[in-house]
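S.K.: Dropping in target00.tsv, which is TSV, C-alpha atoms:
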chain	number	residue	atom	x	y	z
A	77	MET	CA	16.38	-10.19	15.38
A	78	ASP	CA	12.99	-9.31	13.87
A	79	SER	CA	12.56	-6.43	16.30
A	80	VAL	CA	15.75	-4.70	15.03
A	81	TYR	CA	14.52	-4.77	11.44
A	82	ILE	CA	11.01	-3.72	12.46
A	83	GLN	CA	12.43	-0.73	14.33
A	84	ASN	CA	14.48	0.19	11.25
A	85	VAL	CA	11.36	0.03	9.06
A	86	LEU	CA	9.50	2.22	11.54
A	87	ASN	CA	12.40	4.67	11.46
A	88	GLY	CA	11.90	5.03	7.72
A	89	ASN	CA	14.23	2.36	6.32
A	90	THR	CA	11.61	0.62	4.17
A	91	GLU	CA	14.20	-1.65	2.52
A	92	ASP	CA	14.58	-3.57	5.81
A	93	PHE	CA	11.06	-4.93	5.33
A	94	ARG	CA	12.65	-7.20	2.71
A	95	TYR	CA	14.28	-9.18	5.55
A	96	LEU	CA	10.85	-10.01	6.99
A	97	ILE	CA	9.49	-10.96	3.56
A	98	ARG	CA	12.47	-13.22	2.88
A	99	LYS	CA	12.22	-14.86	6.30
A	100	TYR	CA	8.48	-15.57	6.35
A	101	LYS	CA	7.35	-15.84	2.72
A	102	ASP	CA	7.74	-19.64	2.41
A	103	LEU	CA	6.10	-20.46	5.74
A	104	ALA	CA	3.37	-17.95	4.98
A	105	PHE	CA	2.82	-19.51	1.57
A	106	SER	CA	2.48	-22.98	3.13
A	107	VAL	CA	-0.07	-21.73	5.63
A	108	ALA	CA	-2.03	-19.80	2.98
A	109	VAL	CA	-2.09	-22.70	0.53
A	110	SER	CA	-3.35	-25.03	3.27
A	111	VAL	CA	-6.41	-22.78	3.60
A	112	VAL	CA	-7.13	-21.54	0.07
A	113	LYS	CA	-5.89	-24.72	-1.70
A	114	ASN	CA	-4.64	-22.84	-4.72
A	115	GLU	CA	-1.17	-21.40	-5.41
A	116	PHE	CA	-2.33	-18.19	-7.10
A	117	ASP	CA	-4.85	-17.36	-4.39
A	118	ALA	CA	-2.25	-18.21	-1.75
A	119	GLU	CA	0.23	-15.79	-3.32
A	120	GLU	CA	-2.41	-13.05	-3.27
A	121	VAL	CA	-3.20	-13.79	0.38
A	122	VAL	CA	0.48	-13.68	1.42
A	123	GLN	CA	0.95	-10.42	-0.47
A	124	GLU	CA	-2.10	-8.86	1.16
A	125	ALA	CA	-0.96	-10.04	4.61
A	126	PHE	CA	2.52	-8.52	4.18
A	127	ILE	CA	1.07	-5.20	3.01
A	128	LYS	CA	-1.32	-5.13	5.97
A	129	ALA	CA	1.55	-5.94	8.31
A	130	PHE	CA	3.62	-3.12	6.83
A	131	LYS	CA	0.79	-0.61	7.15
A	132	ASN	CA	0.09	-1.54	10.77
A	133	LEU	CA	3.64	-2.21	11.95
A	134	ALA	CA	3.53	0.75	14.33
A	135	SER	CA	0.58	-0.80	16.16
A	136	LEU	CA	2.61	-3.92	17.06
A	137	LYS	CA	3.46	-3.26	20.71
A	138	ASP	CA	5.94	-6.07	21.37
A	139	LYS	CA	8.16	-6.26	18.30
A	140	SER	CA	9.41	-9.73	19.25
A	141	PHE	CA	5.92	-11.14	18.62
A	142	PHE	CA	5.98	-10.28	14.92
A	143	LYS	CA	5.65	-13.91	13.80
A	144	THR	CA	2.48	-14.59	15.83
A	145	TRP	CA	0.99	-11.21	14.92
A	146	PHE	CA	1.77	-11.68	11.22
A	147	TYR	CA	0.37	-15.23	11.19
A	148	ARG	CA	-2.85	-13.97	12.71
A	149	ILE	CA	-3.17	-11.42	9.90
A	150	LEU	CA	-2.31	-14.10	7.34
A	151	ILE	CA	-4.86	-16.64	8.61
A	152	ASN	CA	-7.51	-13.93	8.71
A	153	GLU	CA	-6.73	-12.92	5.13
A	154	ALA	CA	-6.75	-16.54	3.97
A	155	PHE	CA	-10.21	-17.21	5.40
A	156	LYS	CA	-11.45	-13.89	4.02
A	157	SER	CA	-10.23	-14.89	0.54
A	158	LEU	CA	-11.88	-18.30	0.91
A	159	GLU	CA	-15.14	-16.66	1.91
A	160	LYS	CA	-14.91	-14.22	-1.01
A	161	LYS	CA	-14.29	-16.93	-3.57
A	162	LYS	CA	-16.68	-19.35	-1.91
A	163	ARG	CA	-14.33	-22.24	-2.43
A	164	ALA	CA	-14.61	-23.64	1.07
A	165	ILE	CA	-14.91	-27.42	1.23
A	166	ILE	CA	-18.09	-27.94	3.15
A	167	LEU	CA	-18.49	-31.31	4.75
A	168	PRO	CA	-21.08	-32.32	7.30
A	169	THR	CA	-19.44	-32.12	10.72
A	170	ASN	CA	-20.91	-35.46	11.80
A	171	GLN	CA	-19.66	-37.25	8.69
A	172	ASN	CA	-18.12	-40.52	9.84
A	173	LEU	CA	-14.65	-41.19	8.60
A	174	PRO	CA	-13.78	-44.85	8.12
A	175	GLU	CA	-10.89	-46.37	10.03
A	176	VAL	CA	-7.96	-46.87	7.70
A	177	GLU	CA	-5.76	-49.89	7.64
A	178	ASP	CA	-2.04	-49.51	8.02
A	179	PHE	CA	-0.70	-48.32	4.65
A	180	GLU	CA	2.72	-47.15	5.78
A	181	GLU	CA	4.66	-49.81	3.94
A	182	PRO	CA	3.07	-49.28	0.51
A	183	PHE	CA	3.38	-45.52	1.05
A	184	ARG	CA	7.09	-45.77	1.80
A	185	GLY	CA	7.47	-47.87	-1.33
A	186	LEU	CA	6.60	-44.83	-3.43
A	187	THR	CA	9.21	-42.38	-4.69
A	188	VAL	CA	9.64	-39.13	-2.73
A	189	GLU	CA	8.04	-37.19	-5.60
A	190	GLU	CA	5.00	-39.48	-5.55
A	191	GLN	CA	4.73	-39.18	-1.79
A	192	LYS	CA	4.88	-35.37	-2.00
A	193	TYR	CA	2.27	-35.33	-4.75
A	194	LEU	CA	-0.09	-37.60	-2.79
A	195	VAL	CA	0.18	-35.57	0.41
A	196	THR	CA	-0.20	-32.14	-1.22
A	197	GLU	CA	-3.16	-33.32	-3.30
A	198	SER	CA	-4.76	-34.94	-0.24
A	199	LEU	CA	-4.39	-31.74	1.75
A	200	LYS	CA	-6.32	-29.93	-0.97
A	201	LYS	CA	-9.21	-32.32	-0.46
A	202	ILE	CA	-9.68	-31.79	3.26
A	203	PRO	CA	-11.44	-28.77	4.80
A	204	ALA	CA	-9.43	-25.57	5.29
A	205	LYS	CA	-9.58	-25.61	9.08
A	206	GLU	CA	-8.31	-29.18	9.21
A	207	SER	CA	-5.39	-28.68	6.84
A	208	LEU	CA	-4.51	-25.44	8.63
A	209	SER	CA	-4.47	-27.21	11.99
A	210	LEU	CA	-2.14	-29.91	10.58
A	211	GLN	CA	0.10	-27.27	9.08
A	212	LEU	CA	0.35	-25.32	12.33
A	213	PHE	CA	0.78	-28.34	14.59
A	214	TYR	CA	3.19	-30.46	12.55
A	215	LEU	CA	5.10	-27.99	10.38
A	216	GLU	CA	5.11	-24.81	12.44
A	217	GLU	CA	5.39	-26.90	15.62
A	218	SER	CA	2.78	-24.68	17.28
A	219	SER	CA	1.54	-25.70	20.71
A	220	LEU	CA	-2.20	-25.92	21.44
A	221	ASP	CA	-2.05	-22.53	23.16
A	222	GLU	CA	-0.34	-20.97	20.16
A	223	MET	CA	-2.93	-22.50	17.85
A	224	ILE	CA	-5.73	-21.05	19.97
A	225	ASN	CA	-4.01	-17.67	19.86
A	226	LEU	CA	-3.46	-17.79	16.10
A	227	THR	CA	-6.84	-19.08	15.00
A	228	GLY	CA	-9.16	-17.76	17.68
A	229	TRP	CA	-10.72	-21.22	18.06
A	230	SER	CA	-11.54	-22.60	21.51
A	231	GLU	CA	-9.30	-25.25	23.09
A	232	SER	CA	-11.85	-28.02	22.57
A	233	ASN	CA	-12.36	-26.91	18.98
A	234	VAL	CA	-8.63	-27.04	18.26
A	235	LYS	CA	-8.45	-30.57	19.72
A	236	VAL	CA	-11.48	-31.80	17.78
A	237	ILE	CA	-10.33	-30.24	14.49
A	238	LEU	CA	-6.82	-31.61	14.89
A	239	HIS	CA	-8.06	-35.09	15.76
A	240	ARG	CA	-10.40	-35.10	12.80
A	241	ALA	CA	-7.73	-33.64	10.51
A	242	ARG	CA	-5.28	-36.50	11.27
A	243	LYS	CA	-7.94	-39.07	10.54
A	244	HIS	CA	-9.14	-37.26	7.43
A	245	LEU	CA	-5.65	-36.94	5.97
A	246	LEU	CA	-4.98	-40.65	6.44
A	247	VAL	CA	-8.32	-41.56	4.81
A	248	VAL	CA	-7.73	-39.30	1.81
A	249	VAL	CA	-4.09	-40.33	1.27
A	250	ASN	CA	-5.15	-43.98	1.51
A	251	GLU	CA	-8.03	-43.47	-0.96
A	252	MET	CA	-5.79	-41.61	-3.39
A	253	MET	CA	-3.15	-44.33	-3.17
A	254	GLU	CA	-5.71	-47.01	-3.91
A	255	ASN	CA	-7.09	-45.02	-6.85
A	256	GLU	CA	-3.62	-44.34	-8.24
A	257	LEU	CA	-2.73	-48.03	-7.89
A	258	ILE	CA	-5.94	-49.07	-9.66
A	259	VAL	CA	-5.22	-46.60	-12.47
A	260	SER	CA	-1.60	-47.68	-12.83
A	261	LYS	CA	-2.57	-51.40	-12.80
A	262	SER	CA	-5.21	-50.93	-15.49
B	125	MET	CA	-2.90	-47.89	14.08
B	126	ASN	CA	-2.57	-46.70	17.68
B	127	LEU	CA	-2.65	-42.98	18.48
B	128	ASP	CA	1.08	-42.51	18.93
B	129	HIS	CA	1.84	-44.44	15.79
B	130	LYS	CA	-0.78	-42.48	13.86
B	131	ASP	CA	0.68	-39.21	15.13
B	132	LYS	CA	4.18	-40.17	13.96
B	133	PHE	CA	2.93	-41.20	10.55
B	134	VAL	CA	0.91	-38.01	10.10
B	135	ARG	CA	4.05	-36.03	11.02
B	136	GLU	CA	5.95	-37.98	8.37
B	137	LEU	CA	3.22	-37.23	5.82
B	138	MET	CA	3.13	-33.55	6.71
B	139	GLU	CA	6.89	-33.25	6.26
B	140	LYS	CA	6.26	-34.15	2.64
B	141	SER	CA	3.88	-31.20	2.27
B	142	GLU	CA	6.35	-28.40	2.94
B	143	ARG	CA	5.97	-25.74	0.26
B	144	LYS	CA	8.14	-22.90	-0.97
B	145	MET	CA	6.91	-19.72	-2.62
B	146	PRO	CA	6.93	-20.80	-6.29
B	147	PHE	CA	6.96	-17.27	-7.75
B	148	ASP	CA	10.55	-16.04	-8.14
B	149	ASP	CA	9.63	-12.39	-8.55
B	150	PHE	CA	7.32	-12.37	-5.51
B	151	GLU	CA	9.78	-10.55	-3.24
B	152	GLU	CA	10.52	-7.84	-5.81
B	153	ARG	CA	6.87	-7.24	-6.69
B	154	LEU	CA	5.94	-7.06	-3.03
B	155	MET	CA	8.75	-4.62	-2.23
B	156	GLN	CA	7.54	-2.35	-5.05
B	157	GLN	CA	4.13	-2.32	-3.44
B	158	VAL	CA	5.65	-1.69	-0.02
B	159	TYR	CA	7.57	1.30	-1.38
B	160	LYS	CA	4.41	2.63	-2.98
B	161	GLU	CA	2.60	2.23	0.34
B	162	ALA	CA	5.42	3.99	2.23
B	163	LYS	CA	5.30	6.90	-0.22
B	164	THR	CA	1.52	7.22	0.08
B	165	SER	CA	1.60	7.21	3.86
B	166	SER	CA	4.40	9.79	4.05
B	167	SER	CA	2.59	12.12	1.64
B	168	PHE	CA	-0.57	11.58	3.66
B	169	LEU	CA	1.26	12.68	6.82
B	170	LYS	CA	2.42	15.82	5.01
B	171	ASP	CA	-1.19	16.51	3.96
B	172	ILE	CA	-2.35	16.09	7.56
B	173	LYS	CA	0.25	18.60	8.79
B	174	LEU	CA	-0.82	21.05	6.08
B	175	SER	CA	-4.48	20.53	7.04
B	176	TRP	CA	-3.72	21.40	10.68
B	177	PHE	CA	-1.87	24.51	9.55
B	178	PHE	CA	-4.81	25.75	7.45
B	179	PHE	CA	-7.25	24.79	10.20
B	180	THR	CA	-5.36	27.02	12.63
B	181	ILE	CA	-5.25	29.89	10.11
B	182	GLY	CA	-8.98	29.46	9.46
B	183	THR	CA	-9.79	29.48	13.18
B	184	ILE	CA	-7.81	32.67	13.74
B	185	PHE	CA	-9.47	34.29	10.74
B	186	GLY	CA	-12.91	33.19	12.03
B	187	LEU	CA	-12.24	34.70	15.47
B	188	VAL	CA	-11.08	37.99	13.94
B	189	LEU	CA	-14.20	38.06	11.75
B	190	ASN	CA	-16.40	37.48	14.82
B	191	ILE	CA	-14.74	40.37	16.68
B	192	LEU	CA	-15.06	42.68	13.67
B	193	VAL	CA	-18.74	41.88	13.16
B	194	ALA	CA	-19.42	42.33	16.91
B	195	GLU	CA	-17.87	45.80	16.81
B	196	MET	CA	-19.76	46.81	13.70
B	197	ASN	CA	-22.91	48.85	14.14
B	198	LYS	CA	-24.14	48.90	10.54
B	199	THR	CA	-26.70	47.08	8.46
B	200	ILE	CA	-25.15	44.96	5.71
B	201	PHE	CA	-27.34	43.88	2.77
B	202	GLY	CA	-30.30	44.80	4.91
B	203	ILE	CA	-29.24	42.47	7.77
B	204	PRO	CA	-28.70	44.15	11.15
B	205	SER	CA	-25.20	43.57	12.61
B	206	GLN	CA	-26.52	41.67	15.66
B	207	ARG	CA	-28.29	39.11	13.45
B	208	LEU	CA	-25.26	38.93	11.17
B	209	LEU	CA	-23.06	38.26	14.22
B	210	LEU	CA	-25.33	35.38	15.22
B	211	ILE	CA	-25.18	33.88	11.71
B	212	VAL	CA	-21.39	34.23	11.59
B	213	GLN	CA	-21.01	32.71	15.06
B	214	VAL	CA	-23.25	29.71	14.28
B	215	LEU	CA	-21.43	29.08	10.99
B	216	PHE	CA	-18.04	29.45	12.70
B	217	VAL	CA	-18.86	26.99	15.50
B	218	MET	CA	-20.36	24.46	13.08
B	219	LEU	CA	-17.36	24.59	10.76
B	220	LEU	CA	-14.88	24.55	13.63
B	221	LEU	CA	-16.43	21.49	15.28
B	222	SER	CA	-16.96	19.47	12.09
B	223	GLN	CA	-13.46	20.14	10.72
B	224	PHE	CA	-11.84	19.56	14.12
B	225	ASP	CA	-13.61	16.20	14.42
B	226	ARG	CA	-12.50	15.15	10.91
B	227	LEU	CA	-8.92	16.20	11.49
B	228	ILE	CA	-8.70	14.44	14.85
B	229	GLY	CA	-10.14	11.29	13.24
B	230	LEU	CA	-7.69	11.37	10.34
B	231	THR	CA	-4.70	12.09	12.59
B	232	LYS	CA	-5.54	9.27	15.02
B	233	ASN	CA	-6.60	6.74	12.40
B	234	PRO	CA	-5.09	7.46	8.96
B	235	LYS	CA	-6.89	4.42	7.51
B	236	ARG	CA	-10.06	6.55	7.45
B	237	GLN	CA	-8.54	8.34	4.43
How does the structure come out when it is put into structure tokens?
M.R.:
Amino acid sequence: MDSVYIQNVLNGNTEDFRYLIRKYKDLAFSVAVSVVKNEFDAEEVVQEAFIKAFKNLASLKDKSFFKTWFYRILINEAFKSLEKKKRAIILPTNQNLPEVEDFEEPFRGLTVEEQKYLVTESLKKIPAKESLSLQLFYLEESSLDEMINLTGWSESNVKVILHRARKHLLVVVNEMMENELIVSKS
Amino acid sequence: MNLDHKDKFVRELMEKSERKMPFDDFEERLMQQVYKEAKTSSSFLKDIKLSWFFFTIGTIFGLVLNILVAEMNKTIFGIPSQRLLLIVQVLFVMLLLSQFDRLIGLTKNPKRQ
């Protein structure tokens, strides 16, 4: 379906670009926020990515690959913005993450709003590459090959980052839960 | 937690992180920018066409000037016609090549604007 609208845009019907914006803006926002960790910066990144996509639409050879092509632009823009604002979370790569105990039951005991808050806040605390890999793998349902294609990372890198990201997310959610519980008890 | 279990739980956590664009006017603002961009690029294409037109006119004029100077057997401002022809030819070739290169570049890659 994308290819029909893209062809219309290329034929001069600019209004049809709205279809692509409407279809991808939320997913794009999720991906951008996972990298830049801030809603306002993420909005800027998504906007910039859409404008770039519009300008270069004619260079997209296979119109059915719009999503992959657009995501590549988006990820590139997100990391560029991060670099520009120097907000990257830098952690030593050999930092050892502790093993977490099973906290599923207490987590499920929280309200949905609390769960959402904990997860979104935790994702802000882990490095951009890790939260991006979680976003792509679990929410966009991207395969390893697609992740390699989108990010430009090597296969082993994708596996390492994803493995570390899972562990990191669990550690941070667990820590935040403990802190929140301590605060609410006191 | 075993790996499979951990994977399922992380999936469950990630499902809680789904976000929607929180700015209601995002689509409208972006479309305004897209329209602006479309207008700029179409006027740029018009400019490119006009540039090619004037380039062609200039080339023809340059060739005619070269022929006229070559046929002239007078001294102008104290410069003999043969030397004048050489100056005109060098200037013509330099202008032709530099403008042709710029126009080709702009036509192939409009982002150079």
S.K.: Using all atoms listed in the file, find the one residue out of B:Thr180, B:His129, B:Glu142, B:Met196 that sits nearest to chain A.
M.R.: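 Distance minimum relative to chain A lands on B:Glu142.
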S.K.: Please identify all residues of chain A having at least one atom at most 9 Å from any atom of chain B, considering all atoms listed in the file, and return them as a ChimeraX atom specification.
M.R.: /A:88,90-91,93-94,97-98,101-106,109,115,119,123,126-127,130-131,176-178,180,188-189,191-193,195-196,199,210-211,214-215,242-243,245-246
S.K.: Expressed in Å to a single decimal, how great is the separation between atom CA of Val248 of chain A and atom CA of Ser198 of chain A?
M.R.: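 Computing the Euclidean distance for atom CA of Val248 of chain A and atom CA of Ser198 of chain A yields 5.7 Å.
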S.K.: Using atom CA of Glu120 of chain A and atom CA of Trp145 of chain A as the two end points, give the distance in Å to one decimal.
M.R.: 18.6 Å
S.K.: (-12.8, -16.2, 14.1) in this file's frame - what residues fall within 10 Å of it? Use all atoms listed in the file and give the answer as a ChimeraX atom specification.
M.R.: /A:151-152,155,226-230
S.K.: Considering all atoms listed in the file, return as a PyMOL selection string whatever protein or nucleic-acid residues lie within 12 Å of Lys137 of chain A, sequence-local ones (same chain, fewer than 6 positions apart) excluded.
M.R.: chain A and resi 79+82-83+145
S.K.: For atom CA of Ala134 of chain A and atom CA of Leu221 of chain B, determine how far apart the two atoms are, in Å to one decimal place.
M.R.: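 Answer for the atom CA of Ala134 of chain A to atom CA of Leu221 of chain B separation: 28.8 Å.
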